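Below: one structure, written as structure tokens.
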Amino acid sequence: MYDKITKETMVRVYFGCNIEDIADTVVLTPIWGLEGFTDKADDILTEFAGWYKGVTLSFNNKRITIIGSGIGAPMTGDCALALNYTDCENVIFSGSAGAINQCYRIGDIVVAAEAVIGEGFSRYHRGDITKDCFGELVSGDKETARRIIGITNKNIIKHGIKCHEGRIFSTDSILGERKDTFEYMQMKGCDAVEMEASAIFTVCAETKKKAVALVLISDLPLKYRNLFEGISDSDIKRYNGIKHDLPEILLKAAIGFK
């Protein structure tokens with residue numbers, strides 16, 4: 001339906017900029033503010049706003065674009081899909097997640113190149129819309145994920161947290177997180193649950209882009225320290241400490257793409 005619309009038009013509407021304003025490496029985030037990244041930049045190259053808002057900056061002599069992708073698989077997935085109209089080659093997604101792996105702590109980081117589809121967006125982009133892909137595993141770039149784990153570990157020592165290699169489950173419903181759904185996620189070998197990563201990996205597999213997810217553990221739902229209650233002041237302090245430094249950690253991680 002949109003085949004006749006030019007790339008230039010798509011980029012102008014979606015992002016409010018020109019194709020060349022988007023770097024080859026893009027950080028997509030539904031929740032981290034752009035100002036945290038611009039504060040760490042060597043230079044601000046382009047600020048833009050269309051359906052999505054973002055900035056392209058220089059960090060350690062590398063151009064990196066940061067885009068606020070919106071919460072949930074439909075918003076973030078379409079944002080990633082719109083990058084196919086640009087020269088973007090690499091995508092790093094970053095949000096927050098609840099821990100399924102009971103060894104994880106609030107404030108820990110999970111770097112993932114695997115996600116289990118628990119959202120509806122991916123069905124539109126897996127090649128056969130008549131096929132239900134719920135529960136299928138979709139992958140990003142595992143080599144880059146391991147490289148980013150190494151980079152991240154060097155930058156989180158002062159926080160006393162861990163960076164894990166893990167598998168993510170992407171859900172469409174926070175209140176759908178029940179005993180039976182957590183048992184299903186565990187059966188699928190998942191370490192954390194959030195709402196967007198599988199959509200990112202689905203789109204990037206379709207559009208031939210390297211992709212990884214770097215997410216911050218915000219809660220421990222299986223230990224009754226969830227988004228609504230049970231999180232201690234020390235948990236909040238640890239989370240906020242790493243959250244403050246996360247933009248710089250992400251910028252350094254983005255350099256891990258080759």
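Going by the structure tokens order, chains are called A, B, ..., each with residues numbered from 1, while ligands are numbered from 1 in the order shown.
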
Output as a tab-separated table one row per residue of segment 146-229 of chain A within 8 Å of segment 121-141 of chain A: the closest atom pair and its distance in Å to one decimal place, counting only C-alpha atoms, sorted by chain and residue number ascending.
```
residue	atom	partner	partner_atom	distance
A:Lys188	CA	A:Gly135	CA	7.8
A:Ser198	CA	A:Val138	CA	6.5
A:Ala199	CA	A:Ser122	CA	5.5
A:Phe201	CA	A:Gly140	CA	5.3
A:Thr202	CA	A:Ser122	CA	6.1
A:Val203	CA	A:His125	CA	6.8
A:Cys204	CA	A:Gly140	CA	7.4
A:Ala205	CA	A:Gly140	CA	7.1
A:Glu206	CA	A:His125	CA	7.3
A:Lys210	CA	A:Asp141	CA	5.5
A:Ala211	CA	A:Gly140	CA	4.9
A:Val212	CA	A:Gly140	CA	5.5
```

**Item:** Which of segment 2-237 of chain A DSSP labels strand (DSSP E), written as a PyMOL selection string
**Value:** chain A and resi 25-29+43-49+53-59+62-68+90-93+96-99+109-118+137-139+163-171+192-194+210-219

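Using only C-alpha atoms, the nearest neighbour of Met187 of chain A within the list A:Arg147, A:Gly241, A:Ile31, A:Arg167 is A:Arg167.
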
**Message:** From the options A:Ala41, A:Val110, A:Leu57, A:Ile67, which residue's atoms come nearest to Ala192 of chain A, counting only C-alpha atoms?
**Reply:** A:Val110

Which residues come within 10 Å of Gly36 of chain A, counting only C-alpha atoms, excluding same-chain residues fewer than 2 positions away, as a PDB file with N, CA and C atoms, in the first residue's frame?
```pdb
ATOM      1  N   TRP A  32      14.016   6.063  28.296  1.00  0.00           N
ATOM      2  CA  TRP A  32      15.129   6.913  28.729  1.00  0.00           C
ATOM      3  C   TRP A  32      15.085   8.240  27.963  1.00  0.00           C
ATOM      4  N   GLY A  33      15.200   9.355  28.678  1.00  0.00           N
ATOM      5  CA  GLY A  33      15.110  10.676  28.057  1.00  0.00           C
ATOM      6  C   GLY A  33      16.306  11.007  27.180  1.00  0.00           C
ATOM      7  N   LEU A  34      16.067  11.769  26.138  1.00  0.00           N
ATOM      8  CA  LEU A  34      17.134  12.142  25.202  1.00  0.00           C
ATOM      9  C   LEU A  34      18.196  13.010  25.863  1.00  0.00           C
ATOM     10  N   THR A  38      22.366  13.511  25.346  1.00  0.00           N
ATOM     11  CA  THR A  38      22.981  14.747  24.853  1.00  0.00           C
ATOM     12  C   THR A  38      23.967  15.320  25.868  1.00  0.00           C
ATOM     13  N   ASP A  39      23.708  15.083  27.158  1.00  0.00           N
ATOM     14  CA  ASP A  39      24.629  15.556  28.191  1.00  0.00           C
ATOM     15  C   ASP A  39      25.997  14.880  28.096  1.00  0.00           C
ATOM     16  N   LYS A  40      26.035  13.683  27.521  1.00  0.00           N
ATOM     17  CA  LYS A  40      27.283  12.919  27.427  1.00  0.00           C
ATOM     18  C   LYS A  40      27.961  13.064  26.070  1.00  0.00           C
ATOM     19  N   ALA A  41      27.310  13.748  25.145  1.00  0.00           N
ATOM     20  CA  ALA A  41      27.812  13.835  23.773  1.00  0.00           C
ATOM     21  C   ALA A  41      28.995  14.776  23.650  1.00  0.00           C
ATOM     22  N   LYS A 243      20.651   3.941  36.479  1.00  0.00           N
ATOM     23  CA  LYS A 243      19.839   4.656  35.490  1.00  0.00           C
ATOM     24  C   LYS A 243      20.494   5.980  35.107  1.00  0.00           C
ATOM     25  N   HIS A 244      21.090   6.667  36.073  1.00  0.00           N
ATOM     26  CA  HIS A 244      21.742   7.945  35.807  1.00  0.00           C
ATOM     27  C   HIS A 244      22.897   7.790  34.831  1.00  0.00           C
ATOM     28  N   ASP A 245      23.644   6.681  34.959  1.00  0.00           N
ATOM     29  CA  ASP A 245      24.817   6.461  34.106  1.00  0.00           C
ATOM     30  C   ASP A 245      24.500   5.667  32.843  1.00  0.00           C
ATOM     31  N   LEU A 246      23.252   5.200  32.719  1.00  0.00           N
ATOM     32  CA  LEU A 246      22.915   4.311  31.605  1.00  0.00           C
ATOM     33  C   LEU A 246      23.109   4.937  30.222  1.00  0.00           C
ATOM     34  N   PRO A 247      22.771   6.231  30.008  1.00  0.00           N
ATOM     35  CA  PRO A 247      23.014   6.792  28.669  1.00  0.00           C
ATOM     36  C   PRO A 247      24.466   6.672  28.218  1.00  0.00           C
ATOM     37  N   GLU A 248      25.415   6.961  29.116  1.00  0.00           N
ATOM     38  CA  GLU A 248      26.822   6.828  28.742  1.00  0.00           C
ATOM     39  C   GLU A 248      27.185   5.369  28.493  1.00  0.00           C
TER      40      GLU A 248
END
```

**Message:** So that I can see what lies close to segment 43-46 of chain A, please list as a list in words the residues with an atom at most 8 Å from it, counting only C-alpha atoms and leaving out residues fewer than 3 positions away in the same chain.
**Reply:** Asp21, Thr38, Val55, Thr56, Leu57, Ser58 and Phe59 of chain A

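Nearest residue to Glu114 of chain A among A:Ile151, A:Ile66, A:Ile200, A:Cys79 is A:Ile200, counting only C-alpha atoms.
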